[in-house]
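Take a look at the structure below.
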Amino acid sequence: MERTLYYLRLFPGTEDRYDRIHRHVPGAVVRGMRDAGLSNVSGFRRGTDVWWYAEAEPDRETAFSRVGKGVVNQRWGHQFRDIIAEIAAPEGGQMWYQEIFHTDAPTPAGPWERGCFSLVIDPHRESIYDELHSDPWPEMLEAIAEAGYRDYSGFRRGAHVIYVGRYYPDFQTVIDRVNATEVAARWGAALEGVITTFADADGHNLRVAEIYHQD
C-alpha cells in the first residue's frame, strides 16, 4: 500500500459547486475507486486549492491508472471541465506530493476528527526539513502519540507541506497538547528559519477543510 496526495486548483467562484458535487458522489464512482485499489480517500479544500489523499493498492501508479481508464470515472470527470482550472503537472500527470513523514500508534477509544493543515518552508532548506522528518527524535514521536495523533503523514511538493491525520479527540485539543510539551519547543527550535509560514494572521494553524471522505 502507498499513501498518496495530489493537488488541484479550482476556478475562483466554483468552490461551492465543487463541494456540492462531492456531497453526492454516485455509487458507481465510489465502487470504481475501490475496485481500482483506492481506499481511505479524503478531499480537502482551502479557497481554490484542493488536495486529495488516498491509500493506493498495490501502489499509486497502478491504482490511479486503473481509475483513469474507467468509463464511469471519465464520465464523472467531464462535469469538472469548467470547475478545475489546473490539475496536471508541467511534466505531465498529477501534481503529486511526496510523503516525507509517517507515524502511527494503537488506536485509542473515544471520538476523533480527521484533519489537514499546511505550512511553507524555505525552499533553500528543504534538505534540513526532510532529514529531520526522515529520522525524527523518538521523544518527539512519543509526544505526538500521547497528544492523540494517529495515522499521521506529511507530504511535500517543493516548499509546500501538507499534513493529514486523525486527531483524538479533536484537532485543536491535540495541537494544544503537543505544543505544551518541552520536546515540541526543542523541535520547533531545530526548525527555526526552515518553516516560514505555519499560521494565519490570528495565529491558528492553516487548516484545510474536509469536503469528502470514503473508506
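Here, A, B, ... name the chains of the C-alpha cells in the order displayed, residue numbers run from 1 inside each chain, and ligands are numbered from 1 in the same displayed order.
Within the 12 Å cut-off around Gly188 (chain A), using only C-alpha atoms and omitting residues fewer than 3 positions from it on the same chain, the listed residues are A:Tyr129, A:Leu132, A:Met140, A:Val178, A:Asn179, A:Ala180, A:Thr181, A:Glu182, A:Val183, A:Ala184, A:Ala185, A:Leu191, A:Glu192, A:Gly193, A:Val194, A:Ile195, A:Thr196, A:Phe198.
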For Leu38 (chain A), find every residue with an atom within 6 Å (counting only C-alpha atoms), except residues of its own chain fewer than 2 positions away, and show them as a compact mmCIF listing (two decimals) with N, CA and C atoms, in the first residue's frame.
```
# COMPACT_ATOMS: atom_id res chain seq x y z
N MET A 33 -13.51 3.52 -7.66
CA MET A 33 -12.29 3.85 -6.91
C MET A 33 -11.85 2.68 -6.06
N ARG A 34 -12.81 2.04 -5.39
CA ARG A 34 -12.46 0.90 -4.54
C ARG A 34 -11.92 -0.25 -5.37
N ALA A 36 -10.42 -0.09 -8.12
CA ALA A 36 -9.10 0.27 -8.65
C ALA A 36 -8.00 0.14 -7.61
N GLU A 55 -5.14 6.03 -0.04
CA GLU A 55 -4.24 4.90 0.13
C GLU A 55 -4.42 4.00 -1.08
N ALA A 56 -3.33 3.77 -1.80
CA ALA A 56 -3.39 3.07 -3.09
C ALA A 56 -2.80 1.67 -2.98
```
Quick one: of A:Asp176, A:Asp215, A:Glu86, A:Glu113, who's nearest to Glu146 (chain A), counting only C-alpha atoms?
A:Asp176
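Residue nearest Tyr167 (chain A) within the list A:Arg114, A:Leu206, A:Thr197, A:Glu142: A:Arg114 [criterion: smallest interatomic distance, only C-alpha atoms].
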Which residues of region 37-132 of chain A come within 9 Å of region 16-20 of chain A, and for each one, what is the closest pair of atoms and their distance in Å to one decimal, counting only C-alpha atoms, sorted by chain and residue number, as CSV?
```
residue,atom,partner,partner_atom,distance
A:Arg45,CA,A:Asp19,CA,8.7
A:Phe80,CA,A:Tyr18,CA,8.1
A:Ile83,CA,A:Tyr18,CA,7.1
A:Ile84,CA,A:Tyr18,CA,8.7
```
What does the file look like for those residues with N, CA and C atoms, as an mmCIF file, in the first residue's frame?
```
data_model
loop_
_atom_site.group_PDB
_atom_site.id
_atom_site.type_symbol
_atom_site.label_atom_id
_atom_site.label_comp_id
_atom_site.auth_asym_id
_atom_site.auth_seq_id
_atom_site.Cartn_x
_atom_site.Cartn_y
_atom_site.Cartn_z
ATOM 1 N N ARG A 45 -10.234 21.105 1.002
ATOM 2 C CA ARG A 45 -10.195 22.351 0.230
ATOM 3 C C ARG A 45 -9.984 23.559 1.134
ATOM 4 N N PHE A 80 -16.354 18.465 -14.450
ATOM 5 C CA PHE A 80 -15.436 19.404 -13.809
ATOM 6 C C PHE A 80 -14.654 20.249 -14.813
ATOM 7 N N ILE A 83 -14.747 23.769 -13.852
ATOM 8 C CA ILE A 83 -14.555 23.966 -12.411
ATOM 9 C C ILE A 83 -13.079 23.889 -12.053
ATOM 10 N N ILE A 84 -12.395 22.880 -12.585
ATOM 11 C CA ILE A 84 -10.978 22.684 -12.278
ATOM 12 C C ILE A 84 -10.125 23.483 -13.256
#
```
Using only C-alpha atoms for the distances, tell me which of A:Ser42, A:Gln214, A:Ser65, A:Gln98 is nearest to Ile162 (chain A).
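Ranking A:Ser42, A:Gln214, A:Ser65, A:Gln98 by distance to Ile162 (chain A), first place goes to A:Gln98.
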Enumerate as a PyMOL selection string all residues of region 105-198 of chain A assigned to helix (DSSP H, G or I) by DSSP on the backbone, naming them with the chain letters and numbers the document uses.
chain A and resi 123-134+138-147+171-179+182-190
Residues as selected, C-alpha atoms, written as a short mmCIF file (atom, residue, chain, number, x, y, z; two decimals), in the first residue's frame, can you do that?
```cif
data_model
loop_
_atom_site.label_atom_id
_atom_site.label_comp_id
_atom_site.auth_asym_id
_atom_site.auth_seq_id
_atom_site.Cartn_x
_atom_site.Cartn_y
_atom_site.Cartn_z
CA PRO A 123 12.95 26.28 -0.48
CA HIS A 124 16.69 26.54 0.14
CA ARG A 125 16.41 24.47 3.33
CA GLU A 126 14.27 21.58 2.13
CA SER A 127 17.01 19.07 2.92
CA ILE A 128 17.05 20.08 6.60
CA TYR A 129 13.30 19.63 6.84
CA ASP A 130 13.39 16.24 5.11
CA GLU A 131 16.31 14.97 7.20
CA LEU A 132 14.59 15.80 10.48
CA HIS A 133 11.39 14.10 9.36
CA SER A 134 13.04 11.03 7.89
CA PRO A 138 11.99 9.17 19.49
CA GLU A 139 10.83 11.55 22.21
CA MET A 140 9.03 13.68 19.58
CA LEU A 141 7.24 10.61 18.22
CA GLU A 142 6.25 9.68 21.76
CA ALA A 143 4.84 13.17 22.37
CA ILE A 144 2.91 13.01 19.09
CA ALA A 145 1.35 9.67 20.06
CA GLU A 146 0.49 10.82 23.59
CA ALA A 147 -1.10 14.01 22.24
CA PHE A 171 -7.72 18.73 16.05
CA GLN A 172 -7.34 21.70 18.39
CA THR A 173 -7.04 19.60 21.56
CA VAL A 174 -4.26 17.53 20.02
CA ILE A 175 -2.40 20.62 18.76
CA ASP A 176 -2.63 22.27 22.18
CA ARG A 177 -1.40 19.11 23.93
CA VAL A 178 1.69 18.68 21.78
CA ASN A 179 2.51 22.40 21.80
CA GLU A 182 9.11 20.57 26.15
CA VAL A 183 10.16 18.40 23.24
CA ALA A 184 7.88 20.30 20.85
CA ALA A 185 9.63 23.52 21.85
CA ARG A 186 13.02 21.94 21.07
CA TRP A 187 11.69 20.55 17.79
CA GLY A 188 10.44 23.99 16.84
CA ALA A 189 13.83 25.49 17.66
CA ALA A 190 15.52 22.95 15.37
#
```
Who sits within 9 Å of Gln94 (chain A), only C-alpha atoms, same chain under 2 positions skipped, as a ChimeraX atom specification:
/A:6-8,87-89,92,96
Shell of 10 Å around Trp112 (chain A), only C-alpha atoms, local chain residues under 5 positions omitted, as a list of chain:residue names:
A:Gly148, A:Tyr149, A:Arg150, A:Arg166, A:Tyr167, A:Tyr168, A:Pro169, A:Asp170, A:Phe171
Quick one: write out the picked residues with N, CA and C atoms as a PDB file, in the first residue's frame?
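What ended up in result.pdb:
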```pdb
ATOM      1  N   GLY A 148      -2.345  12.453  20.801  1.00  0.00           N
ATOM      2  CA  GLY A 148      -3.543  11.958  20.139  1.00  0.00           C
ATOM      3  C   GLY A 148      -3.488  11.914  18.629  1.00  0.00           C
ATOM      4  N   TYR A 149      -2.315  12.125  18.029  1.00  0.00           N
ATOM      5  CA  TYR A 149      -2.171  11.974  16.578  1.00  0.00           C
ATOM      6  C   TYR A 149      -2.199  10.486  16.221  1.00  0.00           C
ATOM      7  N   ARG A 150      -2.910  10.154  15.138  1.00  0.00           N
ATOM      8  CA  ARG A 150      -2.899   8.795  14.623  1.00  0.00           C
ATOM      9  C   ARG A 150      -2.869   8.834  13.099  1.00  0.00           C
ATOM     10  N   ARG A 166      -5.536  11.597  11.771  1.00  0.00           N
ATOM     11  CA  ARG A 166      -6.680  11.534  12.666  1.00  0.00           C
ATOM     12  C   ARG A 166      -6.257  12.105  14.017  1.00  0.00           C
ATOM     13  N   TYR A 167      -7.167  12.854  14.637  1.00  0.00           N
ATOM     14  CA  TYR A 167      -6.849  13.535  15.886  1.00  0.00           C
ATOM     15  C   TYR A 167      -7.844  13.110  16.964  1.00  0.00           C
ATOM     16  N   TYR A 168      -7.328  12.557  18.062  1.00  0.00           N
ATOM     17  CA  TYR A 168      -8.168  12.085  19.166  1.00  0.00           C
ATOM     18  C   TYR A 168      -8.002  12.996  20.377  1.00  0.00           C
ATOM     19  N   PRO A 169      -9.034  13.707  20.847  1.00  0.00           N
ATOM     20  CA  PRO A 169     -10.438  13.642  20.405  1.00  0.00           C
ATOM     21  C   PRO A 169     -10.777  14.629  19.289  1.00  0.00           C
ATOM     22  N   ASP A 170      -9.950  15.673  19.070  1.00  0.00           N
ATOM     23  CA  ASP A 170     -10.213  16.642  18.012  1.00  0.00           C
ATOM     24  C   ASP A 170      -8.922  17.384  17.689  1.00  0.00           C
ATOM     25  N   PHE A 171      -8.923  18.075  16.573  1.00  0.00           N
ATOM     26  CA  PHE A 171      -7.720  18.725  16.051  1.00  0.00           C
ATOM     27  C   PHE A 171      -7.108  19.700  17.062  1.00  0.00           C
TER      28      PHE A 171
END
```
Judged by only C-alpha atoms, the minimum distance to Ala85 (chain A) among A:Asn205, A:Ser153, A:Ser39, A:Thr48 is found for A:Thr48
If you run DSSP over the backbone, which residues in chain A end up strand (DSSP E or B)? Put them as a compact mmCIF listing (two decimals) with C-alpha atoms, in the first residue's frame.
```txt
# COMPACT_ATOMS: atom_id res chain seq x y z
CA GLU A 2 1.19 3.51 -0.83
CA ARG A 3 -0.15 6.68 0.80
CA THR A 4 -0.70 9.41 -1.79
CA LEU A 5 -1.55 13.10 -2.01
CA TYR A 6 -2.08 15.31 -5.04
CA TYR A 7 -3.15 18.91 -5.67
CA LEU A 8 -5.53 20.70 -7.99
CA ARG A 9 -6.77 24.29 -8.32
CA LEU A 10 -10.32 25.49 -8.96
CA LEU A 38 -8.13 3.29 -3.61
CA SER A 39 -9.34 3.48 -0.02
CA ASN A 40 -9.43 5.97 2.85
CA VAL A 41 -9.98 8.70 0.25
CA SER A 42 -10.35 12.28 1.52
CA GLY A 43 -10.69 15.59 -0.29
CA PHE A 44 -9.63 18.80 1.47
CA ARG A 45 -10.19 22.35 0.23
CA ARG A 46 -8.94 25.79 1.30
CA ASP A 49 -6.77 24.95 -3.51
CA VAL A 50 -7.75 21.28 -3.21
CA TRP A 51 -5.77 18.27 -2.02
CA TRP A 52 -6.78 14.64 -2.37
CA TYR A 53 -5.41 11.96 -0.06
CA ALA A 54 -5.80 8.23 -0.73
CA GLU A 55 -4.24 4.90 0.13
CA ALA A 56 -3.39 3.07 -3.09
CA ILE A 84 -10.98 22.68 -12.28
CA ALA A 85 -8.51 25.26 -13.54
CA GLU A 86 -5.33 23.24 -13.05
CA ALA A 88 -1.79 18.41 -14.41
CA GLN A 94 -0.99 14.63 -11.33
CA MET A 95 0.67 17.25 -9.13
CA TRP A 96 1.88 14.71 -6.60
CA TYR A 97 3.27 15.46 -3.17
CA GLN A 98 5.86 13.04 -1.81
CA GLU A 99 5.43 11.52 1.63
CA ILE A 100 8.28 12.59 3.89
CA PHE A 101 6.89 11.55 7.28
CA HIS A 102 4.53 8.98 8.77
CA THR A 103 3.81 7.81 12.28
CA GLU A 113 -11.56 14.16 13.98
CA ARG A 114 -9.88 13.85 10.60
CA GLY A 115 -7.71 16.88 9.92
CA CYS A 116 -5.40 18.51 7.40
CA PHE A 117 -3.18 21.57 7.62
CA SER A 118 -0.45 23.18 5.55
CA LEU A 119 2.81 25.02 6.00
CA VAL A 120 5.55 26.54 3.87
CA ILE A 121 9.29 26.02 4.24
CA TYR A 149 -2.17 11.97 16.58
CA ARG A 150 -2.90 8.80 14.62
CA ASP A 151 -2.13 7.68 11.05
CA TYR A 152 -0.28 10.99 10.68
CA SER A 153 1.53 11.75 7.40
CA GLY A 154 3.44 14.68 5.98
CA PHE A 155 3.73 15.27 2.22
CA ARG A 156 5.93 17.83 0.45
CA ARG A 157 5.94 19.34 -3.04
CA HIS A 160 4.80 23.42 0.40
CA VAL A 161 3.98 20.77 3.01
CA ILE A 162 0.63 19.16 3.85
CA TYR A 163 -0.14 17.05 6.94
CA VAL A 164 -3.06 14.63 7.10
CA GLY A 165 -4.13 12.51 10.05
CA ARG A 166 -6.68 11.53 12.67
CA TYR A 167 -6.85 13.54 15.89
CA ILE A 195 9.45 26.82 8.36
CA THR A 196 8.47 30.24 7.02
CA THR A 197 4.65 30.09 7.15
CA ALA A 199 -0.18 30.05 10.92
CA ASN A 205 -2.78 26.54 12.01
CA LEU A 206 -3.53 26.79 8.29
CA ARG A 207 -6.30 24.19 8.38
CA ALA A 209 -11.48 21.70 5.43
CA GLU A 210 -12.51 18.17 4.52
CA ILE A 211 -15.16 18.12 1.77
CA TYR A 212 -15.28 14.39 1.06
CA HIS A 213 -14.38 11.06 2.63
CA GLN A 214 -14.68 7.45 1.52
```
